[in-house]
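Heads up, the thing below is written out as structure tokens.
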Amino acid sequence: MNFTFPHPTHWVVTEKTMSLTGNDFVVKDGHGQVVFRGKGKTLSLSDQITLENAHGHPVLGIKKEHMHIHPTYVISTMDGKPLVTCQAKIMTLKPQVKVFKGDSKDLMLRLEGNFTGRNFKFVDATTNANLAFSHEKHSNISGIMFGSDEYVIEVAPHVDSALMMALVMVMDTMQDNNHGKYGWHAPLPSFFPNVTQTFAPSPSMSR
């Protein structure tokens, strides 16, 4: 299921750092309404997160794969079909994070930017177009008080927002697990200056 819009969209992802799993997330739209939740699996030997819609219906699954040299996560539909594979190569002069189609070696996206500060962009591997941009929310007073990190995500028109949210959760988990090894470059500017700050999710968002 695709969650796309004909205009740029603005989202806020909150990670509940003091949860039992450390991998629980809430995604809100421009109205401050909860649209997605990412729920980490407790007592698991592998990082596992389920992306649910506002009504608690599972949308996507995220799971770390261990039989790889490099940190690797797979995002799948709820019937187990791999959508993308996200892999980070950190033992290089220039760390790389790449997103492949399904479980193939067909490169879809590159992630570029300052991963330590959660300031990075999603770049289409074929066209080099910017598909989404993430940056840490600095005015996060509630996060300081209640133990949470917040990120603002801007998504370009006609790009699957649910997939972008899932990839942001993967990047956050990778960063937490590797204690800041993915940092490079300076913070990036906003790529969608006319991003819609408030909008009503389409009916498909709540199904």
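How things are named: the first chain in the structure tokens is A, the next is B, and so on; residues count from 1 in each chain; ligands count from 1 in the order shown.
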### Query
Which neighbours of region 127-129 of chain A fall inside 10 Å, counting only C-alpha atoms, when residues of the same chain fewer than 2 positions from it are skipped, and could you give them as a PyMOL selection string?
chain A and resi 108-110+122-125+131-132+156
Step one, run DSSP on the backbone; step two, keep only residues of region 1-174 of chain A assigned to strand (DSSP E); then write them as a count of residues only. 83
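Proximity to Leu167 (chain A) was assessed for A:Val35, A:Val155, A:Val99, A:Leu107 counting only C-alpha atoms; the smallest distance is recorded for A:Val99.
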Excluding region 56-73 of chain A and residues on its chain fewer than 3 positions from it, collect all residues at most 9 Å away from it, counting only C-alpha atoms, and give them as a PyMOL selection string. chain A and resi 1+36-37+46-53+76-78+80+84-91+162-163+166-167+169-170+174+206-207
From CA of Thr9 (chain A) to CA of Lys41 (chain A) the spacing works out at 28.7 Å
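The shortest atom-to-atom distance to His10 (chain A), with only C-alpha atoms taken into account, belongs to A:Val152 out of A:Val27, A:Ile75, A:Leu111, A:Val152.
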